[in-house]
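Undergrad: Provided below: protein.txt, containing compact mmCIF, C-alpha atoms and all ligand atoms.
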```txt
# COMPACT_ATOMS: atom_id res chain seq x y z
CA MET N 18 66.70 50.66 152.84
CA GLY N 19 64.05 52.34 150.74
CA THR N 20 64.61 53.85 147.34
CA ARG N 21 66.18 57.31 147.34
CA PHE N 22 64.86 59.62 144.69
CA SER N 23 66.46 63.02 144.52
CA GLY N 24 63.94 64.90 142.39
CA ASP N 25 61.05 65.16 144.77
CA SER N 26 61.80 63.31 147.93
CA SER N 27 63.09 63.29 151.45
CA ALA N 28 66.66 62.51 150.37
CA LEU N 29 69.24 64.25 152.50
CA PRO N 30 71.93 65.52 150.14
CA GLY N 31 75.34 66.01 151.64
CA GLY N 32 74.89 63.41 154.38
CA GLY N 33 75.11 64.47 158.00
CA ALA N 34 74.14 63.00 161.32
CA ILE N 35 70.64 63.05 162.71
CA ARG N 36 70.66 63.89 166.42
CA GLY N 37 68.08 62.57 168.81
CA ASP N 38 66.06 65.78 168.58
CA GLY N 39 65.74 65.49 164.82
CA SER N 40 68.15 68.34 164.04
CA MET N 41 71.28 67.58 162.05
CA THR N 42 74.93 68.42 161.87
CA ALA N 43 76.07 69.38 158.41
CA SER N 44 78.83 67.43 156.70
CA GLY N 45 80.42 67.23 153.25
CA GLY N 46 81.21 70.46 151.45
CA MET N 47 78.64 72.60 153.16
CA GLY N 48 80.12 72.93 156.65
CA ALA N 49 78.25 73.86 159.79
CA VAL N 50 76.86 77.39 159.90
CA GLU N 51 75.67 79.10 163.09
CA ARG N 52 71.97 79.65 162.82
CA LYS N 53 69.92 82.41 164.39
CA GLN N 54 66.41 81.06 164.79
CA THR N 55 64.28 84.11 165.18
CA MET N 56 60.79 83.12 164.26
CA ARG N 57 58.52 80.38 165.60
CA VAL N 58 55.61 79.78 163.23
CA SER N 59 52.57 77.52 163.19
CA ALA N 60 52.87 74.30 161.21
CA ILE N 61 51.32 70.92 160.59
CA ARG N 62 53.74 68.26 161.80
CA ALA N 63 54.33 64.57 161.18
CA THR N 64 55.79 62.84 164.21
CA SER N 65 55.94 59.28 162.88
CA SER N 66 55.03 57.34 159.76
CA THR N 67 51.82 56.04 161.31
CA ASP N 68 50.42 58.75 163.62
CA PRO N 69 48.06 61.42 162.26
CA LEU N 70 49.53 64.81 161.42
CA ILE N 71 49.16 67.30 164.26
CA ARG N 72 49.31 71.06 164.79
CA GLY N 73 52.56 72.39 166.17
CA SER N 74 55.22 74.97 165.47
CA ILE N 75 58.64 75.19 163.81
CA GLU N 76 61.52 77.67 163.71
CA ARG N 77 62.26 79.74 160.63
CA ARG N 78 65.66 81.32 160.20
CA GLU N 79 66.30 85.03 160.21
CA THR N 80 65.81 86.58 156.76
CA GLY N 81 69.38 86.65 155.38
CA PRO N 82 70.68 89.15 152.78
CA HIS N 83 69.54 86.97 149.84
CA ASP N 84 66.38 85.65 151.51
CA VAL N 85 62.72 86.38 151.18
CA LEU N 86 60.30 85.85 154.08
CA ILE N 87 57.01 84.57 152.68
CA LYS N 88 53.66 84.50 154.44
CA ILE N 89 52.18 81.26 153.10
CA VAL N 90 48.57 81.66 152.00
CA TRP N 91 47.98 78.37 150.15
CA ALA N 92 49.78 75.01 150.34
CA GLY N 93 49.10 72.18 147.89
CA VAL N 94 49.00 68.54 148.99
CA CYS N 95 51.22 66.32 146.83
CA HIS N 96 51.29 62.53 146.95
CA SER N 97 55.04 62.89 147.56
CA ASP N 98 54.23 64.41 150.98
CA ILE N 99 52.47 61.16 151.85
CA HIS N 100 55.16 58.87 150.36
CA THR N 101 57.76 60.76 152.38
CA VAL N 102 56.01 60.62 155.75
CA HIS N 103 55.03 56.98 155.25
CA GLY N 104 58.69 56.13 154.70
CA ASP N 105 58.06 54.81 151.16
CA TRP N 106 61.39 56.27 149.99
CA GLY N 107 63.57 55.77 153.05
CA THR N 108 64.28 57.12 156.51
CA VAL N 109 62.32 60.20 157.60
CA PRO N 110 63.82 62.86 159.90
CA PHE N 111 60.83 63.21 162.28
CA PRO N 112 59.32 65.49 163.37
CA LEU N 113 58.78 66.85 159.88
CA THR N 114 56.59 69.46 158.21
CA VAL N 115 56.01 68.56 154.57
CA GLY N 116 54.53 70.54 151.67
CA HIS N 117 56.25 71.81 148.53
CA GLU N 118 53.50 73.57 146.63
CA ILE N 119 53.62 76.99 148.24
CA ALA N 120 51.83 80.20 147.24
CA GLY N 121 52.19 83.27 149.40
CA ILE N 122 53.03 86.92 149.80
CA VAL N 123 56.44 88.46 150.40
CA GLN N 124 56.52 89.88 153.90
CA GLU N 125 60.17 90.88 154.18
CA THR N 126 63.20 90.95 151.88
CA GLY N 127 66.91 90.65 152.71
CA SER N 128 69.23 93.59 152.05
CA ASP N 129 70.61 92.14 148.78
CA VAL N 130 67.32 90.90 147.32
CA THR N 131 66.71 92.45 143.92
CA ARG N 132 63.89 90.45 142.31
CA PHE N 133 61.12 90.72 144.89
CA ALA N 134 59.40 93.38 146.97
CA VAL N 135 57.10 93.26 149.99
CA GLY N 136 53.56 92.44 148.86
CA ASP N 137 54.54 90.38 145.79
CA ARG N 138 52.66 87.13 145.09
CA VAL N 139 55.24 84.38 144.99
CA GLY N 140 55.64 80.63 144.93
CA VAL N 141 58.08 78.00 146.14
CA GLY N 142 58.25 74.45 144.81
CA THR N 143 60.19 71.32 145.63
CA MET N 144 63.67 72.79 146.16
CA VAL N 145 65.07 75.70 148.12
CA ASN N 146 68.77 75.50 147.27
CA SER N 147 71.46 73.75 145.24
CA CYS N 148 75.25 73.98 145.05
CA GLY N 149 75.18 76.57 142.26
CA GLU N 150 78.58 75.41 141.01
CA CYS N 151 78.24 71.98 139.38
CA THR N 152 77.73 71.53 135.64
CA ASN N 153 74.01 71.00 136.05
CA CYS N 154 73.51 74.04 138.30
CA LYS N 155 75.54 76.16 135.87
CA ALA N 156 73.39 74.85 133.02
CA GLY N 157 70.26 75.96 134.91
CA LEU N 158 69.21 72.44 135.87
CA GLU N 159 69.21 72.84 139.66
CA GLN N 160 66.81 69.92 140.05
CA TYR N 161 69.61 67.66 138.88
CA CYS N 162 72.36 69.31 140.99
CA LEU N 163 75.22 66.82 141.12
CA LYS N 164 75.55 67.35 144.88
CA GLY N 165 71.80 66.90 145.35
CA ASN N 166 69.52 69.91 145.56
CA THR N 167 68.18 71.00 148.95
CA GLN N 168 64.58 69.86 148.99
CA THR N 169 61.90 72.09 150.50
CA TYR N 170 61.41 69.58 153.31
CA GLY N 171 63.39 66.74 154.80
CA SER N 172 66.74 67.89 153.39
CA LEU N 173 69.90 68.88 155.18
CA ASP N 174 70.04 72.68 154.92
CA ARG N 175 73.24 74.72 154.67
CA ASP N 176 73.00 75.67 158.34
CA GLY N 177 72.82 72.05 159.45
CA THR N 178 69.10 71.89 160.19
CA ILE N 179 66.46 69.88 158.36
CA THR N 180 64.34 71.86 155.92
CA GLN N 181 60.67 72.17 156.85
CA GLY N 182 58.02 72.56 154.18
CA GLY N 183 54.93 74.46 153.25
CA TYR N 184 52.27 73.13 155.65
CA SER N 185 53.16 76.17 157.76
CA THR N 186 52.35 79.85 157.94
CA HIS N 187 55.75 81.27 156.87
CA ILE N 188 58.93 80.20 155.09
CA VAL N 189 62.30 81.86 154.45
CA VAL N 190 63.83 81.07 151.05
CA ASP N 191 66.79 82.26 148.99
CA GLU N 192 65.36 84.52 146.30
CA HIS N 193 66.84 82.39 143.50
CA PHE N 194 64.38 79.63 144.44
CA VAL N 195 61.34 81.92 144.60
CA LEU N 196 58.95 82.20 141.63
CA ARG N 197 56.74 85.07 140.51
CA LEU N 198 53.04 84.15 140.37
CA PRO N 199 51.30 85.82 137.43
CA LYS N 200 48.15 87.62 138.55
CA GLN N 201 46.03 85.87 135.88
CA ILE N 202 46.34 82.59 137.81
CA PRO N 203 43.85 82.32 140.71
CA PHE N 204 45.97 82.49 143.86
CA GLU N 205 44.88 79.16 145.42
CA ALA N 206 45.24 77.39 142.06
CA ALA N 207 48.81 78.62 141.68
CA ALA N 208 50.12 76.47 144.54
CA PRO N 209 49.84 73.05 142.81
CA LEU N 210 51.61 74.39 139.75
CA LEU N 211 54.82 74.53 141.81
CA CYS N 212 55.06 70.72 141.82
CA ALA N 213 52.23 69.01 139.89
CA GLY N 214 52.44 71.67 137.16
CA ILE N 215 56.18 71.73 136.62
CA THR N 216 56.61 67.96 137.01
CA THR N 217 54.34 67.35 134.04
CA TYR N 218 55.33 70.45 132.04
CA SER N 219 59.03 69.57 132.03
CA PRO N 220 58.82 66.11 130.38
CA LEU N 221 56.11 67.30 127.98
CA ARG N 222 58.46 70.06 126.81
CA HIS N 223 61.59 67.90 126.86
CA TRP N 224 60.01 65.15 124.73
CA GLY N 225 58.37 67.62 122.35
CA ALA N 226 54.64 67.44 123.10
CA GLY N 227 52.89 69.66 120.59
CA PRO N 228 50.86 69.69 117.38
CA GLY N 229 50.99 66.37 115.52
CA LYS N 230 52.07 64.45 118.65
CA LYS N 231 49.99 61.78 120.36
CA VAL N 232 50.47 62.01 124.11
CA ALA N 233 48.99 59.73 126.76
CA ILE N 234 48.78 60.58 130.45
CA VAL N 235 48.54 57.61 132.82
CA GLY N 236 46.60 58.28 136.05
CA LEU N 237 44.19 61.18 136.48
CA GLY N 238 45.22 62.56 139.86
CA GLY N 239 47.02 65.76 140.83
CA LEU N 240 49.89 65.40 138.35
CA GLY N 241 47.80 63.61 135.75
CA HIS N 242 45.12 66.26 135.41
CA MET N 243 47.81 68.93 135.02
CA GLY N 244 49.52 66.75 132.41
CA VAL N 245 46.29 66.59 130.41
CA LYS N 246 45.68 70.35 130.60
CA LEU N 247 49.26 71.26 129.73
CA ALA N 248 49.68 68.76 126.88
CA ALA N 249 46.38 69.93 125.38
CA ALA N 250 47.45 73.59 125.71
CA MET N 251 50.70 72.70 123.91
CA GLY N 252 48.61 71.42 121.01
CA ALA N 253 49.11 67.66 121.39
CA GLU N 254 46.37 65.07 120.87
CA VAL N 255 45.83 63.83 124.42
CA THR N 256 44.59 60.47 125.69
CA VAL N 257 43.91 59.65 129.34
CA LEU N 258 44.72 56.15 130.55
CA SER N 259 42.91 55.76 133.87
CA ARG N 260 41.97 52.57 135.71
CA THR N 261 38.26 53.11 135.09
CA LEU N 262 36.01 55.43 133.07
CA LYS N 263 34.71 57.11 136.28
CA LYS N 264 36.49 60.41 135.58
CA LYS N 265 35.98 60.41 131.81
CA ASP N 266 33.88 63.60 131.68
CA ASP N 267 36.52 65.46 133.68
CA GLY N 268 39.35 64.18 131.49
CA LEU N 269 37.61 65.35 128.33
CA ARG N 270 36.81 68.70 129.96
CA PHE N 271 40.50 69.10 130.83
CA GLY N 272 41.35 68.81 127.14
CA ALA N 273 41.77 65.10 126.36
CA SER N 274 40.39 63.80 123.07
CA HIS N 275 40.28 60.15 124.17
CA TYR N 276 39.84 58.29 127.43
CA TYR N 277 40.44 54.59 128.09
CA ALA N 278 40.21 52.27 131.09
CA THR N 279 43.41 50.35 131.78
CA SER N 280 41.42 47.78 133.78
CA ASP N 281 40.12 46.60 130.39
CA PRO N 282 42.82 44.43 128.71
CA GLU N 283 41.32 45.33 125.32
CA THR N 284 42.66 48.91 125.81
CA PHE N 285 46.23 47.64 125.39
CA ASN N 286 45.38 45.77 122.15
CA GLN N 287 43.43 48.68 120.72
CA LEU N 288 46.18 51.23 121.44
CA ALA N 289 49.21 49.09 120.54
CA GLY N 290 51.89 51.20 118.78
CA THR N 291 49.96 54.49 119.15
CA PHE N 292 51.74 57.10 121.28
CA ASP N 293 54.77 59.30 120.72
CA LEU N 294 54.93 60.01 124.44
CA ILE N 295 53.37 58.44 127.51
CA VAL N 296 53.74 60.24 130.84
CA ASN N 297 53.11 57.89 133.75
CA THR N 298 51.99 59.80 136.86
CA VAL N 299 50.90 56.75 138.85
CA SER N 300 52.05 56.49 142.47
CA ALA N 301 52.09 52.67 142.41
CA GLU N 302 53.90 50.01 140.36
CA LEU N 303 52.51 49.25 136.90
CA ASP N 304 53.02 46.61 134.22
CA VAL N 305 55.69 48.57 132.33
CA ASP N 306 55.67 46.21 129.31
CA GLY N 307 51.96 46.81 128.80
CA TYR N 308 52.48 50.57 128.61
CA LEU N 309 55.59 50.29 126.41
CA SER N 310 53.52 48.27 123.94
CA MET N 311 51.34 51.33 123.36
CA LEU N 312 54.32 53.42 122.17
CA ALA N 313 54.82 54.10 118.46
CA GLN N 314 58.21 53.79 116.75
CA ASP N 315 60.78 55.88 118.71
CA GLY N 316 58.20 56.67 121.37
CA THR N 317 59.11 57.33 125.02
CA LEU N 318 57.46 56.25 128.25
CA VAL N 319 58.42 58.71 130.99
CA ASN N 320 57.88 57.90 134.64
CA VAL N 321 57.19 60.84 136.90
CA GLY N 322 55.24 58.72 139.37
CA ALA N 323 57.58 57.50 142.10
CA PRO N 324 56.37 54.22 143.62
CA SER N 325 58.28 52.72 146.52
CA LYS N 326 58.93 49.35 144.88
CA PRO N 327 61.05 48.56 141.78
CA MET N 328 59.36 47.92 138.45
CA SER N 329 60.70 45.49 135.88
CA LEU N 330 60.42 45.22 132.11
CA HIS N 331 61.38 42.94 129.24
CA VAL N 332 63.95 44.67 127.04
CA GLN N 333 62.16 43.14 124.07
CA SER N 334 59.44 45.74 124.74
CA LEU N 335 62.01 48.38 123.78
CA LEU N 336 64.04 46.75 121.01
CA GLY N 337 61.59 46.23 118.17
CA ALA N 338 60.43 49.82 117.83
CA ARG N 339 63.48 51.59 119.31
CA ARG N 340 61.37 52.68 122.27
CA ALA N 341 62.74 54.44 125.35
CA TYR N 342 61.86 54.28 129.03
CA ALA N 343 62.81 57.45 130.94
CA GLY N 344 62.28 59.38 134.15
CA SER N 345 61.95 63.05 135.00
CA ALA N 346 62.08 65.04 138.25
CA THR N 347 60.21 68.33 138.65
CA GLY N 348 61.91 71.12 136.63
CA SER N 349 64.44 73.91 136.95
CA ILE N 350 63.68 77.32 138.42
CA ALA N 351 63.77 78.97 134.98
CA GLU N 352 61.51 76.29 133.54
CA THR N 353 59.11 76.64 136.47
CA GLN N 354 58.81 80.37 135.76
CA GLU N 355 58.30 79.53 132.07
CA MET N 356 55.53 77.07 133.05
CA LEU N 357 53.80 79.67 135.26
CA ASP N 358 53.91 82.22 132.45
CA PHE N 359 52.63 79.58 130.00
CA CYS N 360 49.70 78.80 132.33
CA ALA N 361 48.87 82.51 132.66
CA GLU N 362 48.96 82.95 128.88
CA HIS N 363 46.90 79.84 128.10
CA GLY N 364 44.44 80.06 131.01
CA VAL N 365 45.66 76.76 132.48
CA ALA N 366 45.10 76.12 136.20
CA PRO N 367 44.53 73.06 138.34
CA GLN N 368 41.12 72.11 139.68
CA VAL N 369 41.52 72.45 143.42
CA GLU N 370 39.55 71.61 146.55
CA VAL N 371 40.35 74.02 149.37
CA ILE N 372 40.57 72.49 152.85
CA ALA N 373 41.17 73.81 156.35
CA ALA N 374 44.31 72.76 158.21
CA ASP N 375 42.39 70.36 160.45
CA GLN N 376 41.11 68.44 157.42
CA ILE N 377 44.59 67.35 156.37
CA ASN N 378 44.43 63.77 157.69
CA GLU N 379 41.12 63.18 155.93
CA ALA N 380 42.55 64.71 152.74
CA TRP N 381 45.56 62.35 152.83
CA LYS N 382 43.17 59.38 153.15
CA ARG N 383 41.25 60.64 150.14
CA VAL N 384 44.45 61.02 148.09
CA LEU N 385 45.40 57.44 148.95
CA SER N 386 42.01 56.17 147.79
CA SER N 387 42.19 58.26 144.57
CA ASP N 388 39.27 60.35 145.78
CA VAL N 389 40.90 63.69 145.02
CA ARG N 390 39.41 66.11 142.47
CA TYR N 391 42.11 67.00 141.63
CA ARG N 392 44.40 68.70 144.16
CA PHE N 393 43.83 69.59 147.79
CA VAL N 394 45.05 73.02 148.79
CA ILE N 395 45.28 74.03 152.45
CA ASP N 396 43.99 77.49 153.38
CA MET N 397 46.83 78.54 155.66
CA SER N 398 44.74 81.22 157.40
CA THR N 399 43.07 78.29 159.19
CA LEU N 400 46.37 77.37 160.85
CA SER N 401 47.43 80.63 162.46
N1 LIG B 501 58.94 63.03 139.38
C1 LIG B 501 58.71 63.99 140.24
O1 LIG B 501 59.49 64.95 140.38
C2 LIG B 501 57.46 63.96 141.03
C3 LIG B 501 56.85 65.15 141.46
C4 LIG B 501 55.64 65.07 142.14
C5 LIG B 501 55.05 63.85 142.40
N2 LIG B 501 55.69 62.72 141.99
C6 LIG B 501 55.07 61.41 142.20
O2 LIG B 501 54.02 61.23 141.23
C7 LIG B 501 53.04 60.33 141.74
C8 LIG B 501 51.68 60.96 141.58
O3 LIG B 501 51.54 62.07 142.44
P1 LIG B 501 50.11 62.81 142.56
O4 LIG B 501 50.27 63.83 143.61
O5 LIG B 501 49.60 63.16 141.22
O6 LIG B 501 49.22 61.59 143.14
P2 LIG B 501 47.65 61.34 143.03
O7 LIG B 501 46.91 62.62 143.00
O8 LIG B 501 47.35 60.36 144.11
O9 LIG B 501 47.47 60.65 141.59
C9 LIG B 501 47.95 59.38 141.29
C10 LIG B 501 46.99 58.69 140.32
O10 LIG B 501 47.56 57.41 140.02
C11 LIG B 501 46.52 56.46 139.81
N3 LIG B 501 46.74 55.35 140.75
C12 LIG B 501 46.83 55.41 142.10
N4 LIG B 501 47.07 54.18 142.61
C13 LIG B 501 47.12 53.33 141.57
C14 LIG B 501 47.34 51.93 141.43
N5 LIG B 501 47.53 51.15 142.53
N6 LIG B 501 47.36 51.41 140.20
C15 LIG B 501 47.16 52.17 139.12
N7 LIG B 501 46.92 53.50 139.18
C16 LIG B 501 46.91 54.07 140.39
C17 LIG B 501 45.20 57.17 140.09
O11 LIG B 501 44.68 57.57 138.82
P3 LIG B 501 43.37 56.88 138.18
O12 LIG B 501 42.34 56.86 139.28
O13 LIG B 501 43.04 57.80 137.06
O14 LIG B 501 43.74 55.52 137.73
C18 LIG B 501 45.62 58.39 140.89
O15 LIG B 501 44.73 59.44 140.71
C19 LIG B 501 53.46 60.04 143.18
O16 LIG B 501 54.20 58.84 143.20
C20 LIG B 501 54.36 61.23 143.50
O17 LIG B 501 55.29 60.96 144.53
C21 LIG B 501 56.86 62.75 141.31
ZN ZN B 502 55.24 67.10 144.71
ZN ZN B 503 74.85 71.80 141.73
```
As structure tokens, please, write out the structure in this file.
TA:
Amino acid sequence: MGTRFSGDSSALPGGGAIRGDGSMTASGGMGAVERKQTMRVSAIRATSSTDPLIRGSIERRETGPHDVLIKIVWAGVCHSDIHTVHGDWGTVPFPLTVGHEIAGIVQETGSDVTRFAVGDRVGVGTMVNSCGECTNCKAGLEQYCLKGNTQTYGSLDRDGTITQGGYSTHIVVDEHFVLRLPKQIPFEAAAPLLCAGITTYSPLRHWGAGPGKKVAIVGLGGLGHMGVKLAAAMGAEVTVLSRTLKKKDDGLRFGASHYYATSDPETFNQLAGTFDLIVNTVSAELDVDGYLSMLAQDGTLVNVGAPSKPMSLHVQSLLGARRAYAGSATGSIAETQEMLDFCAEHGVAPQVEVIAADQINEAWKRVLSSDVRYRFVIDMSTLS
């Protein structure tokens, strides 16, 4: 069985049985709820872990009293979408529509919705629900819901179906999990903030990135380039640790002061004992000890990258300088709004490459070969 990772994955909180048609029966505390499926919308679908993605359609539920119906305008392409469909993290409930970087416009609001109106620019990230009652939910940390949050795709929803993500023209979401997109952020650039942005913002904030702090970002991809921009905007001294120097000009333009190639063993000697915080955004396994050696006294290496295979380390890498090795999953709804407002205030936005729906398979290949500069965003008008 593959690794289950509840922050940004296809984990199915609450359990439940997958029927032959891919739908599910709810179990655990949630109970089965009758569902009225009123809207069939266009979507990009994965039917297996090896076949190309294809055009198709999915059902969206009726807009309930607390729901918002969103017309999706832009959908970011996260490496997690690829990990999920490829089965890197475990069983996949095919057919599945992935995508959890959603920017769109409110088209309809439920009778009890108070925070949004038709026409608003809104976003949805990696989760669409949580229990709302556990200690973490009550503390405003829905991403760490003790019952498992409901992920935007591949999760067991309250009504017993499997959630379907943002590579589609519309989505219906409880208003608590909907974010306001500040108008200062270019619309298409807002989408990747909902995962790549918050996933790097949250650990940078939690571990105190700011003036006087030396922060390294490992891997200059979708998450990595946001990590560089955000850490620099927070006032930290930022270093990029990339495999080669190919993207050095970009890294410096994004706000880094230093840029090193990790393919050069001398990098690890030169930077030994340097960083207060290292955020590892790499999608594959790394030599953890090598990166720990670059931490200063009391420094922390945080993994946000989620490779499929385990990584090992020598505890001696931690002991001598009281170093820590940690992980972090996306961010809460309140923190995501804080991040969006921070980006608006500081003029931070991802560098995106807009693609049409039919270019998605090519885009996934380019992500896998690290040929993405720096986030693909699907123009959803090309799907309808
Ligand atoms: N924790 C969370 O909540 C969360 C949220 C979102 C995504 N993720 C995970 O974060 C990871 C990155 O996502 P992303 O969308 O930013 O992916 P991405 O755009 O593909 O970026 C990953 C970067 O990692 C580096 N890299 C790739 N393969 C490598 C290898 N074999 N060895 C060393 N470095 C390698 C590359 O940087 P260089 O070319 O600069 O070396 C690449 O640009 C994925 O595993 C994703 O699932 C986690
Ligand atoms: Zn993601
Ligand atoms: Zn909870």
Undergrad: Please identify every polymer residue within 7 Å of ligand LIG 501 (chain B), using all atoms listed in the file, and present the set as a compact mmCIF listing (two decimals) with C-alpha atoms, in the frame of the given file.
TA:
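What follows is the written file result-v2.txt:
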```
# COMPACT_ATOMS: atom_id res chain seq x y z
CA GLY N 24 63.94 64.90 142.39
CA ASP N 25 61.05 65.16 144.77
CA CYS N 95 51.22 66.32 146.83
CA HIS N 96 51.29 62.53 146.95
CA SER N 97 55.04 62.89 147.56
CA HIS N 100 55.16 58.87 150.36
CA CYS N 212 55.06 70.72 141.82
CA ALA N 213 52.23 69.01 139.89
CA THR N 216 56.61 67.96 137.01
CA VAL N 235 48.54 57.61 132.82
CA GLY N 236 46.60 58.28 136.05
CA LEU N 237 44.19 61.18 136.48
CA GLY N 238 45.22 62.56 139.86
CA GLY N 239 47.02 65.76 140.83
CA LEU N 240 49.89 65.40 138.35
CA GLY N 241 47.80 63.61 135.75
CA LEU N 258 44.72 56.15 130.55
CA SER N 259 42.91 55.76 133.87
CA ARG N 260 41.97 52.57 135.71
CA THR N 261 38.26 53.11 135.09
CA THR N 298 51.99 59.80 136.86
CA VAL N 299 50.90 56.75 138.85
CA SER N 300 52.05 56.49 142.47
CA ALA N 301 52.09 52.67 142.41
CA GLU N 302 53.90 50.01 140.36
CA LEU N 303 52.51 49.25 136.90
CA VAL N 321 57.19 60.84 136.90
CA GLY N 322 55.24 58.72 139.37
CA ALA N 323 57.58 57.50 142.10
CA PRO N 324 56.37 54.22 143.62
CA SER N 345 61.95 63.05 135.00
CA ALA N 346 62.08 65.04 138.25
CA THR N 347 60.21 68.33 138.65
CA VAL N 384 44.45 61.02 148.09
CA LEU N 385 45.40 57.44 148.95
CA SER N 387 42.19 58.26 144.57
CA VAL N 389 40.90 63.69 145.02
CA TYR N 391 42.11 67.00 141.63
CA ARG N 392 44.40 68.70 144.16
```
Undergrad: Determine, counting only C-alpha atoms, which protein, DNA and RNA residues have an atom within 12 Å of an atom of N:Arg339; residues of the same chain fewer than 6 positions away are not included. Present the result as a PyMOL selection string.
TA: chain N and resi 290+293+309-310+312-318+332-333
Undergrad: List the spatial neighbours of stretch 69-84 of chain N as a ChimeraX atom specification - criterion: any atom at most 9 Å away, only C-alpha atoms, same-chain residues fewer than 4 positions off excluded.
TA: /N:52-65,114,125-131,181,185,187-193,374-375,377-378,400
Undergrad: Those residues with C-alpha atoms, as a PDB file, in the coordinates of the input please?
TA:
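The resulting selection.pdb:
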```
ATOM      1  CA  ARG N  52      71.970  79.650 162.820  1.00  0.00           C
ATOM      2  CA  LYS N  53      69.920  82.410 164.390  1.00  0.00           C
ATOM      3  CA  GLN N  54      66.410  81.060 164.790  1.00  0.00           C
ATOM      4  CA  THR N  55      64.280  84.110 165.180  1.00  0.00           C
ATOM      5  CA  MET N  56      60.790  83.120 164.260  1.00  0.00           C
ATOM      6  CA  ARG N  57      58.520  80.380 165.600  1.00  0.00           C
ATOM      7  CA  VAL N  58      55.610  79.780 163.230  1.00  0.00           C
ATOM      8  CA  SER N  59      52.570  77.520 163.190  1.00  0.00           C
ATOM      9  CA  ALA N  60      52.870  74.300 161.210  1.00  0.00           C
ATOM     10  CA  ILE N  61      51.320  70.920 160.590  1.00  0.00           C
ATOM     11  CA  ARG N  62      53.740  68.260 161.800  1.00  0.00           C
ATOM     12  CA  ALA N  63      54.330  64.570 161.180  1.00  0.00           C
ATOM     13  CA  THR N  64      55.790  62.840 164.210  1.00  0.00           C
ATOM     14  CA  SER N  65      55.940  59.280 162.880  1.00  0.00           C
ATOM     15  CA  THR N 114      56.590  69.460 158.210  1.00  0.00           C
ATOM     16  CA  GLU N 125      60.170  90.880 154.180  1.00  0.00           C
ATOM     17  CA  THR N 126      63.200  90.950 151.880  1.00  0.00           C
ATOM     18  CA  GLY N 127      66.910  90.650 152.710  1.00  0.00           C
ATOM     19  CA  SER N 128      69.230  93.590 152.050  1.00  0.00           C
ATOM     20  CA  ASP N 129      70.610  92.140 148.780  1.00  0.00           C
ATOM     21  CA  VAL N 130      67.320  90.900 147.320  1.00  0.00           C
ATOM     22  CA  THR N 131      66.710  92.450 143.920  1.00  0.00           C
ATOM     23  CA  GLN N 181      60.670  72.170 156.850  1.00  0.00           C
ATOM     24  CA  SER N 185      53.160  76.170 157.760  1.00  0.00           C
ATOM     25  CA  HIS N 187      55.750  81.270 156.870  1.00  0.00           C
ATOM     26  CA  ILE N 188      58.930  80.200 155.090  1.00  0.00           C
ATOM     27  CA  VAL N 189      62.300  81.860 154.450  1.00  0.00           C
ATOM     28  CA  VAL N 190      63.830  81.070 151.050  1.00  0.00           C
ATOM     29  CA  ASP N 191      66.790  82.260 148.990  1.00  0.00           C
ATOM     30  CA  GLU N 192      65.360  84.520 146.300  1.00  0.00           C
ATOM     31  CA  HIS N 193      66.840  82.390 143.500  1.00  0.00           C
ATOM     32  CA  ALA N 374      44.310  72.760 158.210  1.00  0.00           C
ATOM     33  CA  ASP N 375      42.390  70.360 160.450  1.00  0.00           C
ATOM     34  CA  ILE N 377      44.590  67.350 156.370  1.00  0.00           C
ATOM     35  CA  ASN N 378      44.430  63.770 157.690  1.00  0.00           C
ATOM     36  CA  LEU N 400      46.370  77.370 160.850  1.00  0.00           C
TER      37      LEU N 400
END
```
Undergrad: N:Met251, N:Met397, N:Ala343, N:Cys148: which is nearest N:Gly225, counting only C-alpha atoms?
TA: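 Among the listed residues, N:Met251 lies closest to N:Gly225.
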Undergrad: Which value, in Å to one decimal, gives the distance between atom CA of N:His103 and atom CA of N:Ser66?
TA: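 For atom CA of N:His103 relative to atom CA of N:Ser66, the distance reads 4.5 Å.
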Undergrad: Using all atoms listed in the file, what are the residues with an atom within 6 Å of ligand ZN 503 (chain B), set out as a VMD selection string?
TA: chain N and resid 147 to 151 153 to 154 162 to 164
Undergrad: Which one is closest to N:Tyr170: N:His275, N:His223, N:His117, N:Arg340? Count all atoms listed in the file.
TA: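 The closest residue to N:Tyr170 is N:His117.
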Undergrad: Using atom CA of N:Leu210 and atom CA of N:Thr353 as the two end points, give the distance in Å to one decimal.
TA: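 Spanning atom CA of N:Leu210 to atom CA of N:Thr353 is a straight-line distance of 8.5 Å.
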Undergrad: For atom CA of N:Phe194 and atom CA of N:Val145, determine how far apart the two atoms are, in Å to one decimal place.
TA: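 Interatomic distance, atom CA of N:Phe194 to atom CA of N:Val145: 5.4 Å.
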Undergrad: So which residues are close to (45.9, 82.3, 141.3), meaning at most 10 Å away in the file's coordinates with all atoms listed in the file counted, and can you show them as a CSV table (one decimal) with C-alpha atoms, in the frame of the given file?
TA:
```csv
chain,number,residue,atom,x,y,z
N,91,TRP,CA,48.0,78.4,150.2
N,120,ALA,CA,51.8,80.2,147.2
N,138,ARG,CA,52.7,87.1,145.1
N,198,LEU,CA,53.0,84.2,140.4
N,199,PRO,CA,51.3,85.8,137.4
N,200,LYS,CA,48.2,87.6,138.6
N,201,GLN,CA,46.0,85.9,135.9
N,202,ILE,CA,46.3,82.6,137.8
N,203,PRO,CA,43.8,82.3,140.7
N,204,PHE,CA,46.0,82.5,143.9
N,205,GLU,CA,44.9,79.2,145.4
N,206,ALA,CA,45.2,77.4,142.1
N,207,ALA,CA,48.8,78.6,141.7
N,208,ALA,CA,50.1,76.5,144.5
N,210,LEU,CA,51.6,74.4,139.8
N,361,ALA,CA,48.9,82.5,132.7
N,366,ALA,CA,45.1,76.1,136.2
N,367,PRO,CA,44.5,73.1,138.3
```
